[in-house]
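Participant: Provided below: protein_11.txt, containing compact mmCIF, C-alpha atoms.
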```txt
# COMPACT_ATOMS: atom_id res chain seq x y z
CA MET A 1 9.44 38.38 24.13
CA MET A 2 8.76 39.32 20.53
CA SER A 3 8.84 35.68 19.44
CA ARG A 4 6.35 34.78 22.19
CA LEU A 5 4.07 37.56 20.99
CA LEU A 6 4.34 36.34 17.40
CA ASN A 7 3.63 32.79 18.50
CA CYS A 8 0.57 34.01 20.37
CA VAL A 9 -0.70 35.88 17.33
CA MET A 10 -0.10 32.89 15.07
CA VAL A 11 -1.89 30.51 17.41
CA SER A 12 -4.80 32.92 17.74
CA ALA A 13 -5.03 33.24 13.98
CA LEU A 14 -4.98 29.48 13.57
CA VAL A 15 -7.69 29.00 16.17
CA LEU A 16 -9.79 31.74 14.57
CA SER A 17 -9.40 30.29 11.09
CA PHE A 18 -10.21 26.84 12.40
CA GLY A 19 -13.40 28.13 13.93
CA LEU A 20 -14.38 30.02 10.81
CA LEU A 21 -13.60 27.26 8.39
CA SER A 22 -14.96 24.31 10.26
CA ASP A 23 -18.61 23.39 10.39
CA VAL A 24 -19.00 21.84 13.81
CA SER A 25 -21.72 24.39 14.51
CA GLY A 26 -23.93 22.46 12.13
CA GLN A 27 -24.79 25.61 10.22
CA GLU A 28 -25.53 24.53 6.70
CA PRO A 29 -25.63 26.65 3.58
CA ALA A 30 -29.01 27.16 2.05
CA SER A 31 -29.90 24.61 -0.57
CA GLY A 32 -28.74 25.76 -3.98
CA ASP A 33 -26.49 28.39 -2.44
CA PHE A 34 -23.18 26.80 -1.72
CA ASP A 35 -19.50 27.06 -2.55
CA ARG A 36 -18.56 24.06 -4.67
CA ARG A 37 -15.01 24.28 -3.37
CA ASP A 38 -15.99 24.25 0.28
CA PHE A 39 -16.36 20.70 1.58
CA SER A 40 -16.47 21.74 5.23
CA GLY A 41 -18.74 19.68 7.39
CA ILE A 42 -19.39 16.34 9.00
CA TYR A 43 -20.41 13.55 6.66
CA LEU A 44 -21.24 9.89 6.62
CA LEU A 45 -20.29 7.75 3.67
CA ASP A 46 -23.03 5.82 1.94
CA ASP A 47 -22.89 2.55 3.84
CA SER A 48 -23.80 0.30 0.93
CA VAL A 49 -20.48 0.53 -0.90
CA SER A 50 -17.32 -1.50 -0.48
CA GLU A 51 -14.10 0.00 0.86
CA PHE A 52 -12.61 0.14 -2.58
CA ALA A 53 -14.41 -1.67 -5.35
CA SER A 54 -17.33 -3.95 -5.98
CA PHE A 55 -16.87 -6.68 -8.52
CA GLY A 56 -18.10 -10.03 -9.60
CA PRO A 57 -16.39 -13.23 -10.72
CA ASP A 58 -16.02 -11.87 -14.23
CA THR A 59 -14.88 -8.42 -13.25
CA ARG A 60 -12.13 -9.20 -10.79
CA PRO A 61 -8.96 -7.18 -11.12
CA GLN A 62 -6.18 -9.02 -12.92
CA LEU A 63 -3.29 -9.57 -10.53
CA THR A 64 0.40 -9.69 -11.36
CA PRO A 65 2.48 -12.63 -10.04
CA ARG A 66 3.71 -10.34 -7.24
CA ALA A 67 0.14 -9.64 -6.13
CA MET A 68 -0.81 -13.31 -6.36
CA GLU A 69 1.94 -14.19 -3.92
CA ILE A 70 0.69 -11.55 -1.49
CA VAL A 71 -2.91 -12.68 -1.79
CA ARG A 72 -1.97 -16.30 -1.03
CA ASN A 73 -0.66 -15.19 2.35
CA ARG A 74 -3.59 -13.04 3.34
CA ILE A 75 -6.50 -14.71 5.07
CA PRO A 76 -9.52 -12.45 4.60
CA VAL A 77 -12.22 -11.64 7.05
CA PRO A 78 -14.87 -14.40 6.94
CA GLY A 79 -17.76 -13.63 4.69
CA THR A 80 -15.72 -11.78 2.12
CA ALA A 81 -15.01 -14.82 -0.04
CA ALA A 82 -17.30 -13.57 -2.76
CA ARG A 83 -15.12 -10.51 -3.14
CA SER A 84 -11.80 -12.21 -2.50
CA HIS A 85 -9.40 -13.59 -5.05
CA PRO A 86 -9.78 -17.35 -5.61
CA LEU A 87 -6.20 -17.72 -4.35
CA SER A 88 -7.19 -16.30 -0.97
CA PRO A 89 -7.76 -18.83 1.80
CA ASP A 90 -11.41 -18.95 2.88
CA VAL A 91 -11.95 -19.41 6.60
CA SER A 92 -14.98 -19.89 8.80
CA TYR A 93 -14.13 -17.91 11.93
CA PRO A 94 -12.79 -14.41 12.50
CA HIS A 95 -9.85 -15.60 14.59
CA GLU A 96 -8.55 -17.57 11.60
CA SER A 97 -8.10 -14.37 9.61
CA ASN A 98 -4.81 -12.52 9.68
CA SER A 99 -6.43 -9.19 8.84
CA PRO A 100 -4.29 -6.54 10.54
CA GLU A 101 -7.35 -4.64 11.77
CA TYR A 102 -8.21 -7.41 14.23
CA GLN A 103 -5.13 -6.39 16.19
CA CYS A 104 -6.08 -2.69 16.00
CA ASN A 105 -3.51 -1.87 13.36
CA PRO A 106 -4.42 1.22 11.34
CA LEU A 107 -6.90 0.55 8.57
CA GLY A 108 -4.84 2.64 6.19
CA PHE A 109 -6.08 4.37 3.09
CA PRO A 110 -8.57 3.86 1.47
CA LYS A 111 -9.90 1.21 3.81
CA ILE A 112 -10.76 3.77 6.47
CA LEU A 113 -13.32 5.31 4.14
CA LYS A 114 -15.65 2.41 4.82
CA ASN A 115 -16.23 2.00 8.51
CA GLY A 116 -19.73 3.32 9.09
CA GLU A 117 -18.56 6.27 11.13
CA GLN A 118 -18.48 9.98 10.53
CA VAL A 119 -15.73 12.00 8.92
CA GLU A 120 -15.23 15.74 9.15
CA PHE A 121 -13.77 17.74 6.26
CA LEU A 122 -11.82 20.82 7.28
CA MET A 123 -10.75 23.26 4.57
CA PHE A 124 -7.72 25.51 4.74
CA PRO A 125 -6.09 27.47 1.93
CA ASP A 126 -3.10 25.15 1.81
CA ARG A 127 -4.60 21.83 2.89
CA MET A 128 -7.73 19.85 3.50
CA LEU A 129 -8.01 17.64 6.54
CA GLN A 130 -10.18 14.59 6.84
CA VAL A 131 -10.85 13.79 10.45
CA PHE A 132 -12.14 10.26 10.88
CA GLN A 133 -14.07 9.35 13.99
CA TRP A 134 -12.84 5.79 13.55
CA GLU A 135 -9.30 5.59 14.90
CA HIS A 136 -9.52 9.30 15.87
CA ARG A 137 -7.48 9.74 12.68
CA ILE A 138 -6.45 12.82 10.73
CA ARG A 139 -5.51 12.64 7.07
CA TYR A 140 -3.67 15.55 5.47
CA ILE A 141 -4.29 16.42 1.84
CA TRP A 142 -1.88 19.15 0.78
CA LEU A 143 -3.17 21.86 -1.54
CA ASP A 144 -0.07 24.07 -1.45
CA GLY A 145 1.26 23.11 -4.86
CA ARG A 146 3.86 20.61 -3.71
CA GLU A 147 4.73 17.72 -5.96
CA LEU A 148 3.55 14.20 -5.24
CA PRO A 149 6.58 12.31 -3.89
CA SER A 150 8.22 9.96 -6.36
CA GLY A 151 11.49 8.17 -6.97
CA GLU A 152 14.15 8.77 -4.34
CA ASN A 153 11.97 11.30 -2.55
CA LEU A 154 9.29 8.70 -2.02
CA ASP A 155 11.87 6.13 -0.95
CA ASN A 156 13.24 8.59 1.60
CA LEU A 157 9.84 9.57 2.92
CA GLY A 158 9.00 5.90 3.14
CA PRO A 159 5.72 4.19 3.86
CA ALA A 160 2.96 5.77 5.92
CA TRP A 161 -0.30 4.13 6.96
CA TYR A 162 -2.23 6.89 5.19
CA GLY A 163 0.35 7.69 2.55
CA HIS A 164 1.34 11.09 1.22
CA SER A 165 -1.49 13.04 -0.40
CA VAL A 166 -1.47 16.04 -2.72
CA GLY A 167 -4.54 17.72 -4.17
CA ARG A 168 -5.27 20.22 -6.91
CA TRP A 169 -8.41 21.78 -8.32
CA GLU A 170 -9.65 20.94 -11.79
CA GLY A 171 -12.59 23.32 -12.04
CA ASP A 172 -14.72 22.45 -9.05
CA THR A 173 -13.36 18.93 -8.78
CA LEU A 174 -10.70 18.33 -6.17
CA VAL A 175 -8.26 15.77 -7.56
CA VAL A 176 -6.20 14.07 -4.88
CA ASN A 177 -3.35 11.67 -5.48
CA THR A 178 -1.90 9.48 -2.77
CA VAL A 179 1.25 7.35 -2.84
CA GLY A 180 3.42 5.74 -0.22
CA VAL A 181 0.75 3.84 1.68
CA ASP A 182 2.28 1.17 3.90
CA GLU A 183 1.91 -2.13 2.09
CA ARG A 184 0.95 -3.88 5.31
CA ALA A 185 -2.37 -2.01 5.21
CA TRP A 186 -4.74 -4.05 3.10
CA LEU A 187 -6.56 -2.25 0.33
CA ASP A 188 -9.85 -3.81 1.42
CA ARG A 189 -11.19 -6.53 3.68
CA PRO A 190 -10.70 -9.25 1.07
CA GLY A 191 -7.00 -8.42 1.32
CA HIS A 192 -6.09 -6.99 -2.04
CA PRO A 193 -2.60 -5.49 -2.10
CA ARG A 194 -1.37 -2.02 -2.93
CA SER A 195 2.30 -1.25 -3.36
CA LEU A 196 4.26 1.62 -1.86
CA TYR A 197 4.48 3.09 -5.36
CA GLY A 198 0.85 2.50 -6.20
CA ARG A 199 -1.10 5.71 -6.72
CA ILE A 200 -4.72 6.23 -5.80
CA GLU A 201 -6.48 9.10 -7.50
CA GLU A 202 -9.55 10.52 -5.79
CA ARG A 203 -11.89 12.95 -7.48
CA TYR A 204 -14.15 14.84 -5.06
CA ARG A 205 -17.09 16.84 -6.36
CA ARG A 206 -19.65 18.66 -4.27
CA VAL A 207 -22.90 17.99 -6.06
CA ASP A 208 -25.22 19.87 -3.73
CA SER A 209 -25.14 21.50 -0.35
CA ASP A 210 -25.31 18.16 1.44
CA ALA A 211 -23.43 15.68 -0.71
CA ILE A 212 -19.91 15.09 -2.01
CA GLU A 213 -19.30 12.46 -4.65
CA LEU A 214 -16.04 10.56 -4.77
CA GLU A 215 -14.55 8.54 -7.60
CA LEU A 216 -11.28 6.78 -7.06
CA THR A 217 -8.92 4.73 -9.18
CA LEU A 218 -5.89 2.64 -8.25
CA TYR A 219 -2.86 2.77 -10.52
CA ASP A 220 -0.50 0.08 -9.32
CA PRO A 221 1.29 -1.79 -12.13
CA LEU A 222 3.35 -3.77 -9.64
CA ASN A 223 0.19 -5.51 -8.51
CA TYR A 224 -2.43 -5.07 -11.23
CA THR A 225 -2.25 -5.40 -14.97
CA ALA A 226 -4.52 -2.38 -15.51
CA PRO A 227 -5.85 0.59 -13.56
CA TRP A 228 -8.56 -0.51 -11.17
CA PRO A 229 -11.54 1.84 -10.78
CA GLY A 230 -13.13 1.85 -7.35
CA ALA A 231 -16.82 1.93 -6.62
CA PRO A 232 -18.25 5.48 -6.66
CA LYS A 233 -19.02 6.76 -3.20
CA THR A 234 -21.13 9.58 -1.79
CA PHE A 235 -20.58 11.43 1.45
CA HIS A 236 -23.86 12.68 2.91
CA ARG A 237 -23.88 15.61 5.31
CA GLU A 238 -24.89 14.54 8.79
CA SER A 239 -27.67 16.26 10.68
CA PRO A 240 -26.35 18.00 13.79
CA GLU A 241 -28.45 15.75 16.02
CA ASN A 242 -26.40 12.81 14.75
CA TYR A 243 -23.26 14.20 16.29
CA THR A 244 -24.66 16.04 19.31
CA PHE A 245 -24.89 14.11 22.54
CA TYR A 246 -25.94 15.58 25.86
CA GLY A 247 -25.40 19.07 24.48
CA TRP A 248 -21.90 18.23 23.22
CA PRO A 249 -21.63 18.60 19.42
CA GLY A 250 -18.79 17.25 17.34
CA LEU A 251 -16.92 14.03 16.79
CA PHE A 252 -15.35 12.06 19.64
CA SER A 253 -18.01 13.01 22.17
CA GLY A 254 -17.03 10.20 24.47
CA VAL A 255 -20.32 8.53 23.73
CA THR A 256 -19.03 7.93 20.24
CA GLU A 257 -15.28 7.77 20.63
CA SER A 258 -14.08 5.12 18.24
CA ILE A 259 -10.46 4.49 18.96
CA CYS A 260 -9.52 0.88 18.39
CA ALA A 261 -7.64 0.13 21.59
CA PRO A 262 -5.93 -3.27 21.77
CA MET A 263 -7.03 -3.72 25.37
CA ASP A 264 -10.62 -3.43 24.14
CA GLU A 265 -10.39 -5.12 20.75
CA VAL A 266 -7.84 -7.84 21.42
CA ASP A 267 -7.96 -8.53 25.14
CA THR A 268 -11.61 -7.90 25.86
CA TYR A 269 -13.51 -8.56 22.65
CA ASN A 270 -11.38 -11.11 20.78
CA GLU A 271 -10.06 -13.13 23.69
CA GLY A 272 -12.90 -12.59 26.13
CA PHE A 273 -15.89 -12.79 23.89
CA ARG A 274 -15.40 -13.45 20.19
CA ASN A 275 -13.02 -16.40 20.26
CA PRO A 276 -14.77 -18.43 22.99
CA GLY A 277 -17.96 -18.20 20.99
CA ALA A 278 -16.26 -19.45 17.87
CA LEU A 279 -14.20 -22.17 19.49
CA GLY A 280 -16.59 -23.35 22.14
CA PRO A 281 -15.93 -23.46 25.88
CA GLY A 282 -12.69 -25.07 26.95
CA GLU A 283 -11.22 -25.40 23.50
CA MET B 1 -38.86 -12.37 42.07
CA ALA B 2 -39.09 -12.52 38.38
CA LYS B 3 -35.69 -14.09 38.41
CA SER B 4 -37.16 -17.25 39.87
CA ALA B 5 -39.10 -17.65 36.69
CA ALA B 6 -36.25 -16.17 34.94
CA PHE B 7 -35.67 -18.26 32.04
CA LEU B 8 -37.29 -18.91 28.86
CA MET B 9 -35.06 -20.54 26.36
CA GLY B 10 -36.95 -21.34 23.26
CA ILE B 11 -35.35 -22.26 20.06
CA LEU B 12 -37.48 -20.70 17.46
CA ALA B 13 -36.32 -22.13 14.20
CA LEU B 14 -37.43 -19.17 12.24
CA ALA B 15 -35.71 -18.00 9.13
CA VAL B 16 -34.17 -14.84 10.38
CA VAL B 17 -33.87 -12.00 7.95
CA VAL B 18 -31.51 -9.64 9.67
CA GLY B 19 -28.96 -8.83 7.03
CA PRO B 20 -25.54 -10.23 6.31
CA LEU B 21 -22.77 -10.20 8.83
CA GLU B 22 -20.08 -9.42 6.33
CA ALA B 23 -18.54 -6.28 7.65
CA HIS B 24 -15.72 -4.94 9.75
CA HIS B 25 -15.58 -8.02 11.94
CA GLY B 26 -17.05 -10.62 9.55
CA ARG B 27 -18.28 -13.23 11.97
CA GLY B 28 -18.42 -16.10 9.51
CA ASN B 29 -19.80 -19.20 11.19
CA THR B 30 -19.36 -17.89 14.71
CA TYR B 31 -23.11 -17.70 15.24
CA ASP B 32 -25.96 -19.97 14.26
CA MET B 33 -27.93 -17.49 12.24
CA GLU B 34 -30.74 -19.97 11.63
CA THR B 35 -31.51 -20.22 15.32
CA GLU B 36 -33.15 -17.66 17.55
CA LEU B 37 -32.85 -18.13 21.27
CA THR B 38 -35.00 -16.20 23.73
CA LEU B 39 -33.33 -15.51 27.06
CA LYS B 40 -34.84 -13.84 30.08
CA GLY B 41 -32.48 -12.63 32.74
CA THR B 42 -30.90 -9.84 34.73
CA VAL B 43 -28.36 -7.43 33.29
CA SER B 44 -25.05 -8.03 35.07
CA GLU B 45 -22.71 -5.84 32.98
CA VAL B 46 -22.89 -3.29 30.20
CA SER B 47 -19.57 -3.22 28.36
CA TRP B 48 -20.04 0.02 26.45
CA ARG B 49 -16.87 -0.29 24.42
CA ASN B 50 -15.62 -0.71 20.94
CA PRO B 51 -15.38 -2.64 18.78
CA HIS B 52 -18.81 -3.87 19.88
CA VAL B 53 -21.00 -3.19 22.84
CA VAL B 54 -21.49 -6.40 24.80
CA ILE B 55 -24.35 -6.80 27.29
CA TYR B 56 -24.09 -9.57 29.86
CA ILE B 57 -27.13 -11.07 31.54
CA GLU B 58 -27.57 -13.80 34.08
CA ALA B 59 -30.20 -16.32 33.15
CA GLU B 60 -31.11 -19.69 34.56
CA ASP B 61 -30.69 -22.76 32.43
CA GLU B 62 -33.04 -25.73 32.39
CA ASP B 63 -31.36 -27.15 35.49
CA GLY B 64 -31.71 -23.96 37.46
CA ASN B 65 -28.07 -23.01 37.15
CA VAL B 66 -27.32 -19.35 36.60
CA VAL B 67 -25.47 -18.85 33.33
CA THR B 68 -23.86 -15.59 32.30
CA TRP B 69 -24.66 -14.86 28.68
CA GLY B 70 -23.04 -12.13 26.64
CA PHE B 71 -24.53 -10.76 23.47
CA GLU B 72 -22.86 -8.35 21.11
CA ASN B 73 -24.30 -5.34 19.44
CA ALA B 74 -23.17 -2.56 17.12
CA GLY B 75 -20.26 -0.33 18.09
CA VAL B 76 -20.68 2.62 20.40
CA ALA B 77 -20.96 5.30 17.70
CA ARG B 78 -23.68 3.54 15.79
CA LEU B 79 -25.71 2.78 18.91
CA ALA B 80 -25.28 6.35 20.11
CA ARG B 81 -26.56 7.75 16.82
CA LEU B 82 -29.59 5.50 17.21
CA GLY B 83 -30.30 7.08 20.58
CA TYR B 84 -28.89 4.42 22.88
CA GLY B 85 -26.36 5.07 25.59
CA ARG B 86 -24.36 3.37 28.29
CA ASN B 87 -27.38 3.77 30.62
CA THR B 88 -30.05 2.45 28.29
CA LEU B 89 -29.75 -0.89 30.07
CA LYS B 90 -28.75 -0.86 33.72
CA VAL B 91 -27.21 -3.51 35.91
CA GLY B 92 -29.98 -5.31 37.75
CA GLN B 93 -32.59 -4.64 35.10
CA GLU B 94 -34.76 -7.55 33.99
CA ILE B 95 -34.84 -7.98 30.22
CA THR B 96 -35.71 -10.52 27.60
CA VAL B 97 -33.36 -10.79 24.68
CA VAL B 98 -33.68 -12.65 21.42
CA VAL B 99 -30.30 -13.70 20.05
CA ASN B 100 -28.54 -15.83 17.48
CA PRO B 101 -26.36 -18.05 19.68
CA SER B 102 -22.80 -19.20 19.30
CA ALA B 103 -22.55 -22.05 16.84
CA ALA B 104 -20.06 -23.71 19.18
CA GLY B 105 -22.41 -23.80 22.13
CA ALA B 106 -20.76 -21.09 24.22
CA PRO B 107 -22.99 -18.68 26.15
CA THR B 108 -22.23 -15.93 23.68
CA ALA B 109 -24.52 -14.54 21.04
CA VAL B 110 -25.34 -11.73 18.70
CA VAL B 111 -28.41 -9.63 19.41
CA VAL B 112 -31.61 -9.83 17.43
CA GLU B 113 -33.67 -7.62 19.72
CA VAL B 114 -34.10 -6.65 23.36
CA ILE B 115 -37.55 -6.67 24.94
CA LEU B 116 -38.10 -4.55 28.04
CA GLU B 117 -40.49 -5.42 30.86
CA ASP B 118 -43.15 -3.10 29.45
CA GLY B 119 -43.01 -4.99 26.18
CA SER B 120 -41.23 -2.35 24.18
CA ILE B 121 -38.55 -3.52 21.80
CA ILE B 122 -35.20 -1.78 21.56
CA MET B 123 -31.82 -2.36 19.94
CA SER B 124 -33.48 -4.45 17.27
CA ARG B 125 -31.23 -5.74 14.55
CA ARG B 126 -34.34 -7.24 12.99
CA ARG B 127 -35.55 -3.69 12.37
CA GLY B 128 -32.16 -2.42 11.24
CA GLY B 129 -31.67 -0.56 14.49
CA ASN B 130 -28.55 -2.31 15.69
CA PRO B 131 -26.37 -2.90 12.65
CA LEU B 132 -23.17 -4.85 13.06
CA ASP B 133 -19.94 -3.81 11.46
```
For this file, produce the structure as structure tokens.

Facilitator:
Amino acid sequence: MMSRLLNCVMVSALVLSFGLLSDVSGQEPASGDFDRRDFSGIYLLDDSVSEFASFGPDTRPQLTPRAMEIVRNRIPVPGTAARSHPLSPDVSYPHESNSPEYQCNPLGFPKILKNGEQVEFLMFPDRMLQVFQWEHRIRYIWLDGRELPSGENLDNLGPAWYGHSVGRWEGDTLVVNTVGVDERAWLDRPGHPRSLYGRIEERYRRVDSDAIELELTLYDPLNYTAPWPGAPKTFHRESPENYTFYGWPGLFSGVTESICAPMDEVDTYNEGFRNPGALGPGE
Amino acid sequence: MAKSAAFLMGILALAVVVGPLEAHHGRGNTYDMETELTLKGTVSEVSWRNPHVVIYIEAEDEDGNVVTWGFENAGVARLARLGYGRNTLKVGQEITVVVNPSAAGAPTAVVVEVILEDGSIIMSRRRGGNPLD
């Protein structure tokens, strides 16, 4: 009886804190009057940036032999040749790519950052959650002082599509480190690799009441000869009307649910629509 | 009915400036982006699903045969944020649609814009209002 009562109290407290800390109501702090450590809210990432990094022919990351072997076996999404490694096969049609996302596999981190859909930041004392409309995905960033997994601990925890993330505050900058991302998740659409032991550092900084800047860097000596800085990104707070449909505010309204379901993506879109258009009737 | 005069297929070899298709689904050479095709027909299905909303219309070809065309649009979230919904276009509705057709000759396409019977233009990728990912 007592344990049921305690459970009830704990659940109530969690629900209350969730309601207080989240920003689904759309209430925004007054401009110039905001808590730089409170990222709560629904945002959309600047759509002009790449998933990880932008680069030109002279500023490509230098790959190790291990990474070159991986790249040779990855067939990027058509149209990404300009950002792909010269070793990557260049194809003309989407169905020729072996990008895992075409089969509705998880995008993984950081690829999910760039999908043109909204993300909600939820702040708790011991963790920050990023709730992505795409994939209906939750990412945990632990702020409770735990150590980033390494060595045998990381081996035992093993790979995860979104890795294992730990954050700490440096002034008003939230520094997040992530390791253990499943290597099958491509770093970006061109198909760059990232090893299980590779570490991605994110630095989040709230620059005004409606914007959070993000800088990220990949440290992965198994695949790259030097740290690889990503393209700076900015999350812009969404207006409530952009996530309110028929009087129903929040992500996943039904109108906007963005789960990648194989029966939609693979069976209906790829097989029923996309591939016939690329191959021609009867082929 | 309007369906009897239902088709207008004109290849307008205009240089189409609608933005690159490099994105989530990178279509590559799937569509002939140099060609615009204007189709007039009747909506037969609205597939309001991810990864991309596909609208099917029935339009007559030059020989009077009814051909079912499908044209893809942005995903549901993006269209919803632009004010469109699963009932924006209804089955049975007469529309004209400008598309970039399949490069392989299949009756599939990617939208450029949809023109309603009153002449208003909606879901226009030309105007940035139907971005593909």

Participant: Please check the contacts: residues of chain A at most 7 Å away from chain B, using all atoms listed in the file, listed as a list in words.

Facilitator: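 Listed by rising number, the hits are Val77, Pro78, Gly79, Thr80, Ser92, Tyr93, Pro94, Asn242, Val255, Thr256, Glu257, Ser258, Cys260, Asp264, Glu265, Pro276, Gly277, Ala278, Leu279, Gly280 and Pro281 of chain A.
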
Participant: Which one is closest to A:Ser54: A:Val179, A:Ala231, A:Met128, A:Ile75? Count only C-alpha atoms.

Facilitator: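 Once distances to A:Ser54 are computed over only C-alpha atoms, the minimum belongs to A:Ala231.
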
Participant: For atom CA of B:Val67 and atom CA of B:Thr88, quote the distance in Å rounded to one decimal.

Facilitator: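 These two atoms are separated by 22.4 Å.
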
Participant: Rounded to one decimal place, report the atom CA of A:His136-atom CA of A:Ala185 distance in Å.

Facilitator: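 A separation of 17.1 Å between them.
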
Participant: Considering only C-alpha atoms, return as a PyMOL selection string whatever protein or nucleic-acid residues lie within 10 Å of A:Ala53, sequence-local ones (same chain, fewer than 4 positions apart) excluded.

Facilitator: chain A and resi 49+60-61+83+187-188+216-218+228-233

Participant: For stretch 148-165 of chain A, list every protein, DNA or RNA residue within 7 Å, evaluated using all atoms listed in the file, and leave out those in the same chain fewer than 6 positions away; present the list as a PyMOL selection string.

Facilitator: chain A and resi 106+108-109+139-142+176-182+185+196

Participant: Write out as a list of chain:residue names which residues come within 7 Å of A:Phe132 when counting only C-alpha atoms, dropping same-chain ones fewer than 2 positions away.

Facilitator: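 So, after excluding close chain neighbours, the residues are A:Gln118, A:Val119, A:Glu120, A:Gln130, A:Trp134, A:Glu135, A:His136, A:Arg137, A:Ile138.
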
Participant: What separation in Å, quoted to one decimal, exists between atom CA of B:Lys90 and atom CA of B:Gly41?

Facilitator: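 Between atom CA of B:Lys90 and atom CA of B:Gly41 the gap works out to 12.4 Å.
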
Participant: In terms of the shortest atom-to-atom distance over only C-alpha atoms, which of B:Asn73, B:Thr68, B:Asn130, B:Ser124 is closest to B:Lys40?

Facilitator: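 Residue with the minimum atom-to-atom distance to B:Lys40: B:Thr68.
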
Participant: Determine the nearest neighbour of B:Val46 from the options B:Glu34, B:Glu113, B:Asn87, B:Asn100, counting only C-alpha atoms.

Facilitator: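 The closest residue to B:Val46 is B:Asn87.
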